[in-house]
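To start, the structure itself, in C-alpha cells.
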Amino acid sequence: MTEILKGAAVVAAMNEATTALVEVLTAQGARPTLVIVRVGEREDAVAYARGATRRCEQVGVVVRELILPDDCSQAELVAAIQQLNSDDTAHGVLLLRPLPTHIDDDTARNTLAPHKDIDGITDASVVGVFTGEDRGFNPCTPQACLEILDHYGIEIAGRRVVVIGRSLVVGKPVAHMLLARNATVTIAHSRTADLPSVVREADIVVACVGRAGMVGIEHLSPGQIVIDVGINVLTDGSLAGDVDFASAQEIVSAITPVPGGVGTVTTSVLVKHVAQAAKKTQARIIKA
Ligand code: NAP
C-alpha cells in the first residue's frame, strides 16, 4: 500500500517545535519577528504575505510589513533593507519578488544581511548550500523536501536519488542538500538521455520540472519514494504535480500529494527560519 506523505502532519510537528523555540526566545525578551518587504501591490505578493503572516501568527512570531510604492527608487529600497540589517528587532526579512523591472534584483537581494535571509535568496545563502558553510539559510522549498523525508523517517544517507530539474531555485539546491546528507545524487534535466531508465534506478525521486504529470509509470519502479515539488495550474484551475499521481500510486511505496505536500510545508520552513534567526541574534547579543 502506498503511503501518502501529507504535508499537514509535517507542518503540525514543525509548528510545535517552532512554537516551543518562540516561547523560550520570547521569555528572554527576543520575540522572533519577521519583516515582510513588499514593493507595490501585486496580487500574488499580497496573497503570499497574507499566508506567511497567518502561519507566523500561529506560532507566536510577530510580523511587520514594510510596503514601498511601485515607483520607489532602487536607492530607497536598498536604504530600507540596510536599515533592517542594522535593526536587531527585525530577525528575519522576506523580500517579496519579482520586484518592479526598474529595480535590479541582484542588487536588492544581495543588500540583505545573510543572517536575516530566511528565504535563502542572497548569494551568500546560495554559497552556503553548495559549500555547507553556515552563511545564510537554505531556500525554503528544497528544505521542505528534506523536512518531509525526515518527518516520515525516510533514510537519505546511502540512497540513490534522482532530482529531475536543475533550476537554481529548486533542483540544484535540493540535489546539493541531499548530497550533504550523503545521498548518491543524479541531476536529470531536459537533455537527459533516456530519462525513464535513469529515474527508474532511483530509491528517491524528486520531481521539480513544472510540467503536469510528466513523470509517469514508465519512470517509476516498485518501492520508490517520490517527492513531487511541481505546482501546475490546469485549465480548469485545479493544481497538479509533475508526477502522474494515479499511476504512481500503483507502484511506488510513498509519494507527496499536490496540493497538500511540499508546498504546504514551505511556509513552515520560512517561519522556522525566523525563529532560528532570532536565536542567532539573541546568542550574539548575549555574547557581546
Ligand atoms: P524551472 O526553472 O522552469 O526549471 C525546470 C527544470 O525542469 C529545468 O531544469 C528543466 O531542464 C527541467 N525540465 C523541463 N522539461 C523537462 C523534461 N521534459 N525532462 C526533464 N527535465 C525537464 O522550474 P522551477 O522554478 O525549478 O520549478 C519547478 C516546479 O516546482 C514548478 O512546477 C514550480 O511551480 C514548482 N515549485 C514549487 C514550489 C513549492 O513550494 N512547492 C516552490 C518553487 C517551485 P533544463 O534545465 O534542461 O531546461
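We name chains A, B, ... following the order of the C-alpha cells; residues begin at 1 in each chain, and ligands are numbered from 1 as shown.
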
When you look at range 244-257 of chain A with a cut-off of 9 Å (counting only C-alpha atoms), what residues show up, excluding the ones that are within fewer than 5 positions of it in the same chain? I need them as a short mmCIF file (atom, residue, chain, number, x, y, z; two decimals) with N, CA and C atoms, in the first residue's frame.
```
data_model
loop_
_atom_site.label_atom_id
_atom_site.label_comp_id
_atom_site.auth_asym_id
_atom_site.auth_seq_id
_atom_site.Cartn_x
_atom_site.Cartn_y
_atom_site.Cartn_z
N MET A 1 0.85 -1.20 0.00
CA MET A 1 0.00 0.00 0.00
C MET A 1 0.89 1.26 0.00
N THR A 2 0.57 2.19 -0.88
CA THR A 2 1.38 3.40 -1.00
C THR A 2 1.08 4.37 0.14
N GLU A 3 2.14 4.85 0.80
CA GLU A 3 1.97 5.84 1.87
C GLU A 3 1.89 7.23 1.24
N ILE A 4 0.90 8.01 1.64
CA ILE A 4 0.79 9.39 1.15
C ILE A 4 1.49 10.28 2.17
N LEU A 5 2.53 10.93 1.71
CA LEU A 5 3.35 11.77 2.60
C LEU A 5 2.72 13.16 2.69
N LYS A 6 1.72 13.26 3.54
CA LYS A 6 0.96 14.52 3.61
C LYS A 6 1.76 15.61 4.31
N GLY A 7 1.66 16.82 3.76
CA GLY A 7 2.38 17.94 4.34
C GLY A 7 1.82 18.35 5.70
N ILE A 148 10.18 16.78 4.92
CA ILE A 148 9.20 15.70 4.70
C ILE A 148 9.89 14.34 4.85
N ALA A 212 2.88 19.30 -15.74
CA ALA A 212 1.89 18.44 -15.07
C ALA A 212 1.96 17.00 -15.56
N GLY A 213 2.11 16.08 -14.63
CA GLY A 213 2.01 14.65 -14.92
C GLY A 213 3.09 14.09 -15.82
N MET A 214 4.21 14.82 -16.02
CA MET A 214 5.22 14.31 -16.98
C MET A 214 5.95 13.06 -16.48
N VAL A 215 5.99 12.87 -15.15
CA VAL A 215 6.62 11.66 -14.62
C VAL A 215 5.53 10.60 -14.51
N GLY A 216 5.62 9.62 -15.39
CA GLY A 216 4.57 8.60 -15.46
C GLY A 216 5.08 7.24 -15.04
N ILE A 217 4.26 6.25 -15.26
CA ILE A 217 4.55 4.88 -14.82
C ILE A 217 5.88 4.37 -15.40
N LEU A 220 8.93 5.04 -13.19
CA LEU A 220 8.89 4.62 -11.78
C LEU A 220 9.12 3.13 -11.62
N SER A 221 9.58 2.77 -10.43
CA SER A 221 9.76 1.34 -10.14
C SER A 221 9.28 1.05 -8.72
N PRO A 222 9.00 -0.20 -8.42
CA PRO A 222 8.41 -0.54 -7.11
C PRO A 222 9.31 -0.11 -5.95
N GLY A 223 8.68 0.38 -4.90
CA GLY A 223 9.40 0.70 -3.68
C GLY A 223 9.96 2.10 -3.62
N GLN A 224 9.83 2.87 -4.68
CA GLN A 224 10.42 4.21 -4.69
C GLN A 224 9.65 5.17 -3.78
N ILE A 225 10.41 6.19 -3.31
CA ILE A 225 9.83 7.31 -2.58
C ILE A 225 9.79 8.48 -3.56
N VAL A 226 8.66 9.14 -3.70
CA VAL A 226 8.54 10.23 -4.67
C VAL A 226 8.16 11.54 -3.98
N ILE A 227 9.02 12.54 -4.18
CA ILE A 227 8.74 13.88 -3.66
C ILE A 227 8.40 14.75 -4.88
N ASP A 228 7.16 15.20 -4.93
CA ASP A 228 6.68 15.96 -6.10
C ASP A 228 6.63 17.44 -5.74
N VAL A 229 7.59 18.20 -6.29
CA VAL A 229 7.68 19.63 -5.98
C VAL A 229 6.79 20.45 -6.91
N VAL A 262 4.63 19.25 -0.63
CA VAL A 262 5.79 20.13 -0.44
C VAL A 262 5.38 21.59 -0.23
#
```

*Pick out the residues sitting within 9 Å of range 13-15 of chain A, and hand them over as a PyMOL selection string; count only C-alpha atoms, and ignore anything fewer than 6 positions along from it in its own chain.*
chain A and resi 55+58-59+147+151+265+268-269+271-272

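With the cut-off set to 6 Å and only C-alpha atoms and all ligand atoms counted, the residues surrounding ligand 1 are Thr141, Ile164, Gly165, Arg166, Ser167, Val169, Val170, Gly171, His189, Ser190, Arg191, Cys208, Val209, Gly210, Val229, Gly230, Ile231, Asn232, Val262, Gly263 and Thr266 of chain A.
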
_Nearby residues (only C-alpha atoms) at most 12 Å from Ile285 in chain A, same-chain spacing under 2 positions excluded, as a PyMOL selection string_ = chain A and resi 28-30+88-89+278-283+287-288

*From the set A:Val37, A:Ile103, A:Arg31, A:Ala180, which residue has the shortest atom-to-atom contact distance to Gln83 in chain A, counting only C-alpha atoms?*
A:Val37

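All residues of protein, DNA or RNA that reach within 7 Å of His176 in chain A, judged by only C-alpha atoms and not counting those fewer than 4 positions away in the chain, are Val129, Phe130, Lys172 and Ala180 of chain A.
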
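Take the candidates A:Val35, A:Val61, A:Leu66, A:Ala80 and check each one against Leu21 in chain A using only C-alpha atoms; the shortest distance goes to A:Val61.
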
_Nearest to Asn85 in chain A, chosen from A:Glu16, A:Asp117, A:Asp194, A:Glu41, with only C-alpha atoms counted in the distances_ = A:Asp117

*Extract, using only C-alpha atoms, all DNA, RNA and protein residues at most 8 Å from Gly128 in chain A, discarding same-chain residues fewer than 6 positions from it, and format them as a PyMOL selection string.*
chain A and resi 134-138

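A straight line drawn from CA of His219 in chain A to CA of Arg159 in chain A is 17.4 Å long.
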
*CA of Val185 in chain A and CA of Val163 in chain A, how far apart in Å?*
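Distance reported for this atom pair: 7.3 Å.
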
*From the set A:Ala175, A:Val93, A:Ala144, A:Ile156, which residue has the shortest atom-to-atom contact distance to Val11 in chain A, counting only C-alpha atoms?*
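Closest to Val11 in chain A of all the choices is A:Ala144.
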